[in-house]
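Colleague: Please find one structure pasted underneath; my questions will follow.
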Amino acid sequence: MRLDELNAGERQLWNSIARGGVVDVRDAPQAAEPVVRAEVIAALLLGAGADPAPGDRPALRLTGARVTGRLDLQFAEIPVPVVLDECRFDEVPLLRGARIRELVLTGCALPGLAADAAQIDGRLVLSRCHLTGPLVLTRSQIHSDLDLRDTVITAPGTEAISAVHLVAGGDVLCTDLAVRGAFRCTGAAVSGEFDLEGASLSNPGGHALDAYHVRITGDFTFHPGFSAEGRIILSGATVAAAIGFCGARLNNTGDVALEAVDVTVARNFDLGRGLRVDGGIKLDGSSTGTQLSFRDATLSNFGGTALSLRLARARETDLRTRQPIDGTVDASNAQLGTLYDTPDTWPADLRLADTTYDALAIPLTATERLDWIRRSTDAYLPQPYEQLATAYRRLGHEDEARTVLLAKQRHRRAMLPLHTRVWGYIQDTTVGYGYRPLRAGLWLMALLACGALFFAAHPPAPLEAEKAPPFNAVVYALDLLVPITAFGQDVAFAPRGTGQWLAYALTAAGWILATTVAAGISRAITRQ
């Protein structure tokens, strides 16, 4: 390529690259749009142009040009930084497998960018750019930041950003990024933070963001102002700091809006403070180092599962949403740590099968908490009752714990066949299944009083008058009630008529009381 074949703008670029000067082709007086051919840029980046003088810092810096032709730098070694500002490309630049010192594009318009398997020693900046085709960064290595701030990428129906197994040695900055199409960064490794604050991702019916198995050393932030239409996938992600969705808007009606299965977060997983979700949230098997929070969030997935926490683990869990969650909340087998919730925001359908928690932060009575448990399905599950009773015992509220366990027995009884419920009703009425032992004493006193009054007015005849001890109505009634002969009154006298039937009734009542008390004691010992 000879100098006389270059136009004015290209000649300026040719002469300035050795010194790293900025060439703004808009300054040249010309009627037509300033044009720089892609082949000229490629030639300069591959070693053409004047040699740098000692102390020079070579760089290609171009502003305001229309780049015609295809910029093909595939597998090239580019030793100088490339800085393009407000340039427009007619064709997709090809940087596949290239090694570049640094690439900065600001305010540029491109039909896409193919930089898969590229190695960039410094930053890759695509800020305030507009791409009408895919950005391909699959298996690229960027030793510093990836900057996509304020950029618009439009490729509906396909992967607008493909960054599978991307390696970023710094931050991934996507503030106010707008993407129409899928954003896929499966298996990416980020040594800083991944910031999507204010970003807008849209891929209706598909994956708005597929960040499966990403590894992030810093924070993974989606707040404030983040919005997505389509599914967000974070499953398998490992985040060494926190994940935040405060103030975000997620929309995937009738399907899962946020899939974060088996995610590991070292600190907080914040899904509250103004988050709005139309669709389901699936956090099955996720592990949160400190707090998993839904404080002040609005979750809705009518007719389906709005929040799934199956097998999730957290040191603290805050379920104080802005309003009751519209849809099922499934916390089966979850370990919630210290649980924060309020009756005003309890969901209508709450699954607590084998759910555990260390403490209930909001003090409520057992009666209120029983309403919480009963929001589950009608099936009898003993573990939620046992877990709640354990929580009350930790607080020293033994009476509340007994109330919960009594409710457990009543729920169990309701599931039994009709003919087997009778004994349960008897145990409940007499001693409250062993959790109301004072009832046995009250029943004994009441029956004793009835028997003593009757037999005092209608004393039974002695079986052997000369051997019978003096009759005592109270002792006689007590002998009938106690299953073993204690004072000998019951064997010395024989009531007749009504008294005989009353004696039978007192004896039967005594056996029933003794049996229910024994069952209650056995249940208490087993509980210990």
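Here's how to read the names in the structure tokens: chain A, B, ... by the order shown, residue numbers from 1 in each chain, ligand numbers from 1 in the order shown.
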Can you pull out the residues contacting A:Trp372? Cut-off 12 Å, using only C-alpha atoms, and skip same-chain residues under 4 positions away; I want them as an mmCIF file with N, CA and C atoms, in the first residue's frame.
Modeller:
data_model
loop_
_atom_site.group_PDB
_atom_site.id
_atom_site.type_symbol
_atom_site.label_atom_id
_atom_site.label_comp_id
_atom_site.auth_asym_id
_atom_site.auth_seq_id
_atom_site.Cartn_x
_atom_site.Cartn_y
_atom_site.Cartn_z
ATOM 1 N N ASP A 341 -40.272 -13.046 59.665
ATOM 2 C CA ASP A 341 -41.519 -13.004 58.898
ATOM 3 C C ASP A 341 -42.591 -12.322 59.727
ATOM 4 N N THR A 342 -43.696 -11.985 59.080
ATOM 5 C CA THR A 342 -44.827 -11.365 59.767
ATOM 6 C C THR A 342 -46.118 -11.978 59.235
ATOM 7 N N PRO A 343 -47.146 -12.102 60.102
ATOM 8 C CA PRO A 343 -48.423 -12.686 59.646
ATOM 9 C C PRO A 343 -49.045 -11.938 58.481
ATOM 10 N N ASP A 344 -48.806 -10.629 58.393
ATOM 11 C CA ASP A 344 -49.425 -9.835 57.327
ATOM 12 C C ASP A 344 -48.954 -10.239 55.938
ATOM 13 N N THR A 345 -47.792 -10.885 55.840
ATOM 14 C CA THR A 345 -47.255 -11.219 54.526
ATOM 15 C C THR A 345 -47.080 -12.723 54.333
ATOM 16 N N TRP A 346 -47.702 -13.528 55.192
ATOM 17 C CA TRP A 346 -47.629 -14.975 54.980
ATOM 18 C C TRP A 346 -48.351 -15.351 53.691
ATOM 19 N N PRO A 347 -47.746 -16.198 52.866
ATOM 20 C CA PRO A 347 -48.438 -16.629 51.637
ATOM 21 C C PRO A 347 -49.589 -17.566 51.962
ATOM 22 N N ALA A 348 -50.550 -17.655 51.046
ATOM 23 C CA ALA A 348 -51.701 -18.536 51.267
ATOM 24 C C ALA A 348 -51.303 -20.004 51.192
ATOM 25 N N ASP A 349 -50.303 -20.328 50.385
ATOM 26 C CA ASP A 349 -49.864 -21.717 50.224
ATOM 27 C C ASP A 349 -48.385 -21.795 50.556
ATOM 28 N N LEU A 350 -48.082 -22.377 51.718
ATOM 29 C CA LEU A 350 -46.713 -22.427 52.221
ATOM 30 C C LEU A 350 -46.340 -23.877 52.510
ATOM 31 N N ARG A 351 -45.279 -24.375 51.882
ATOM 32 C CA ARG A 351 -44.824 -25.758 52.077
ATOM 33 C C ARG A 351 -43.627 -25.763 53.026
ATOM 34 N N LEU A 352 -43.777 -26.462 54.155
ATOM 35 C CA LEU A 352 -42.741 -26.481 55.181
ATOM 36 C C LEU A 352 -42.301 -27.902 55.529
ATOM 37 N N LEU A 364 -44.261 -14.519 68.225
ATOM 38 C CA LEU A 364 -45.686 -14.733 67.990
ATOM 39 C C LEU A 364 -46.151 -15.864 68.897
ATOM 40 N N THR A 365 -47.434 -15.885 69.191
ATOM 41 C CA THR A 365 -47.977 -16.950 70.015
ATOM 42 C C THR A 365 -48.065 -18.240 69.209
ATOM 43 N N ALA A 366 -48.200 -19.346 69.941
ATOM 44 C CA ALA A 366 -48.324 -20.637 69.274
ATOM 45 C C ALA A 366 -49.570 -20.680 68.406
ATOM 46 N N THR A 367 -50.635 -20.043 68.846
ATOM 47 C CA THR A 367 -51.871 -20.032 68.058
ATOM 48 C C THR A 367 -51.651 -19.367 66.704
ATOM 49 N N GLU A 368 -50.916 -18.244 66.706
ATOM 50 C CA GLU A 368 -50.621 -17.561 65.443
ATOM 51 C C GLU A 368 -49.709 -18.416 64.563
ATOM 52 N N SER A 376 -50.013 -24.909 54.715
ATOM 53 C CA SER A 376 -49.509 -25.939 53.826
ATOM 54 C C SER A 376 -50.665 -26.774 53.308
ATOM 55 N N THR A 377 -50.351 -27.871 52.633
ATOM 56 C CA THR A 377 -51.390 -28.760 52.118
ATOM 57 C C THR A 377 -52.082 -29.461 53.273
ATOM 58 N N PRO A 384 -43.085 -30.208 60.743
ATOM 59 C CA PRO A 384 -43.261 -28.771 60.995
ATOM 60 C C PRO A 384 -43.715 -28.462 62.414
ATOM 61 N N TYR A 385 -44.554 -29.316 62.994
ATOM 62 C CA TYR A 385 -44.979 -29.114 64.378
ATOM 63 C C TYR A 385 -43.817 -29.323 65.339
ATOM 64 N N LEU A 388 -41.400 -26.374 65.141
ATOM 65 C CA LEU A 388 -41.924 -25.185 65.813
ATOM 66 C C LEU A 388 -41.854 -25.350 67.323
ATOM 67 N N VAL A 404 -48.361 -26.486 70.546
ATOM 68 C CA VAL A 404 -48.053 -26.895 69.180
ATOM 69 C C VAL A 404 -48.149 -28.419 69.041
#
Colleague: How would you write, as a PyMOL selection string, the set of residues in stretch 132-238 of chain A that DSSP gives as strand (DSSP E)?
Modeller: chain A and resi 135-136+141-142+146-147+152-162+167-168+172-173+178-184+189-190+194-195+200-210+215-216+220-221+227-233+238
Colleague: Go ahead and compute the interatomic distance for atom CA of A:Gly192 and atom CA of A:Ala240, in Å to one decimal.
Modeller: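 We find that atom CA of A:Gly192 and atom CA of A:Ala240 lie 9.8 Å from each other.
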Colleague: Counting only C-alpha atoms, what is within 8 Å of A:Thr321, bar same-chain residues fewer than 2 positions away, as a CSV table (one decimal) with C-alpha atoms, in the first residue's frame?
Modeller:
chain,number,residue,atom,x,y,z
A,272,GLY,CA,-35.7,-7.4,48.4
A,294,PHE,CA,-36.9,-10.8,50.3
A,295,ARG,CA,-37.7,-7.8,52.5
A,296,ASP,CA,-40.1,-5.4,50.7
A,297,ALA,CA,-40.2,-7.5,47.5
A,298,THR,CA,-43.3,-8.2,45.4
A,319,LEU,CA,-39.5,-13.3,54.2
A,323,GLN,CA,-47.4,-8.0,50.4
A,324,PRO,CA,-48.3,-11.7,50.6
A,325,ILE,CA,-46.6,-13.6,47.9
A,345,THR,CA,-47.3,-11.2,54.5
Colleague: Could you give me, as number ranges by chain, the residues within 6 Å of A:Ile78, counting only C-alpha atoms and dropping anything in the same chain fewer than 3 positions from it?
Modeller: A: 45, 99-100
Colleague: Those selected residues, please, written with C-alpha atoms and delivered as a PDB file, in the first residue's frame.
Modeller:
ATOM      1  CA  LEU A  45      -2.038  -2.374  13.151  1.00  0.00           C
ATOM      2  CA  ARG A  99      -3.962 -10.724  20.626  1.00  0.00           C
ATOM      3  CA  ILE A 100      -4.453  -7.020  21.282  1.00  0.00           C
TER       4      ILE A 100
END
Colleague: Measuring between only C-alpha atoms, which one of A:Arg66, A:Pro363, A:Ala331, A:Asn7 shows the shortest distance to A:Glu33?
Modeller: A:Arg66
Colleague: Using only C-alpha atoms, which protein or nucleic acid residues come within 8 Å of A:Ala237? Drop anything in the same chain fewer than 2 positions from it, and give the result as JSON, numbers by chain.
Modeller: {"A": [211, 212, 213, 214, 215, 216, 234, 235, 239, 260, 262, 263, 264]}
Colleague: So how far away is atom CA of A:Arg149 from atom CA of A:Ser202, in Å?
Modeller: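 Between atom CA of A:Ser202 and atom CA of A:Arg149 the gap works out to 16.6 Å.
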Colleague: Determine the nearest neighbour of A:Glu197 from the options A:Thr175, A:Thr132, A:Ser144, A:Ser286, counting only C-alpha atoms.
Modeller: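 Going through A:Thr175, A:Thr132, A:Ser144, A:Ser286 one by one, the smallest distance to A:Glu197 is for A:Thr175.
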Colleague: If we count only C-alpha atoms, what is near A:Val25 at a cut-off of 8 Å, once residues fewer than 2 positions away on the same chain are taken out, given as a ChimeraX atom specification?
Modeller: /A:9,23,27-28,34,62-65
Colleague: Take the residues from that selection and write them out as a PDB file, in the first residue's frame, keeping C-alpha atoms.
Modeller:
ATOM      1  CA  GLY A   9      -7.888  10.986   6.750  1.00  0.00           C
ATOM      2  CA  VAL A  23      -6.961  11.701  14.369  1.00  0.00           C
ATOM      3  CA  ASP A  27     -12.108  18.290  11.281  1.00  0.00           C
ATOM      4  CA  ALA A  28     -11.193  18.007   7.602  1.00  0.00           C
ATOM      5  CA  PRO A  34     -15.117  10.987   6.151  1.00  0.00           C
ATOM      6  CA  LEU A  62      -9.382   7.517  15.343  1.00  0.00           C
ATOM      7  CA  THR A  63     -12.498   9.647  15.789  1.00  0.00           C
ATOM      8  CA  GLY A  64     -15.548  10.219  13.600  1.00  0.00           C
ATOM      9  CA  ALA A  65     -14.756   7.942  10.658  1.00  0.00           C
TER      10      ALA A  65
END
Colleague: Would you mind writing down, as a JSON list (two decimals) with C-alpha atoms, in the first residue's frame, each residue of stretch 266-413 of chain A that DSSP on the backbone assigns to alpha helix (DSSP H)?
Modeller:
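Result saved to states.json:
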[["chain", "number", "residue", "atom", "x", "y", "z"],
["A", 366, "ALA", "CA", -48.32, -20.64, 69.27],
["A", 367, "THR", "CA", -51.87, -20.03, 68.06],
["A", 368, "GLU", "CA", -50.62, -17.56, 65.44],
["A", 369, "ARG", "CA", -47.80, -19.85, 64.39],
["A", 370, "LEU", "CA", -50.19, -22.78, 64.01],
["A", 371, "ASP", "CA", -52.04, -20.76, 61.38],
["A", 372, "TRP", "CA", -48.66, -20.37, 59.63],
["A", 373, "ILE", "CA", -48.12, -24.14, 59.57],
["A", 382, "PRO", "CA", -45.39, -34.08, 61.89],
["A", 383, "GLN", "CA", -42.01, -32.39, 61.31],
["A", 384, "PRO", "CA", -43.26, -28.77, 61.00],
["A", 385, "TYR", "CA", -44.98, -29.11, 64.38],
["A", 386, "GLU", "CA", -41.91, -30.67, 65.99],
["A", 387, "GLN", "CA", -39.66, -27.96, 64.54],
["A", 388, "LEU", "CA", -41.92, -25.19, 65.81],
["A", 389, "ALA", "CA", -42.11, -26.78, 69.26],
["A", 390, "THR", "CA", -38.30, -27.00, 69.33],
["A", 391, "ALA", "CA", -38.06, -23.30, 68.50],
["A", 392, "TYR", "CA", -40.35, -22.42, 71.40],
["A", 393, "ARG", "CA", -38.37, -24.63, 73.78],
["A", 394, "ARG", "CA", -35.17, -22.83, 72.81],
["A", 398, "GLU", "CA", -42.66, -24.75, 77.22],
["A", 399, "ASP", "CA", -46.40, -23.98, 77.34],
["A", 400, "GLU", "CA", -46.32, -22.77, 73.74],
["A", 401, "ALA", "CA", -44.40, -25.89, 72.71],
["A", 402, "ARG", "CA", -47.06, -28.12, 74.31],
["A", 403, "THR", "CA", -49.79, -26.21, 72.49],
["A", 404, "VAL", "CA", -48.05, -26.89, 69.18],
["A", 405, "LEU", "CA", -47.60, -30.60, 69.92],
["A", 406, "LEU", "CA", -51.23, -30.92, 70.98],
["A", 407, "ALA", "CA", -52.24, -29.38, 67.64],
["A", 408, "LYS", "CA", -50.01, -31.93, 65.92],
["A", 409, "GLN", "CA", -51.92, -34.80, 67.54],
["A", 410, "ARG", "CA", -55.26, -33.28, 66.60],
["A", 411, "HIS", "CA", -54.13, -32.89, 62.99],
["A", 412, "ARG", "CA", -52.98, -36.50, 62.97],
["A", 413, "ARG", "CA", -56.31, -37.63, 64.41]]
Colleague: Of the residues A:Cys185, A:Ala468, A:Leu44, A:Leu444, which is the one nearest to A:Ala509, using only C-alpha atoms?
Modeller: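 Of the candidates, the smallest distance to A:Ala509 is held by A:Leu444.
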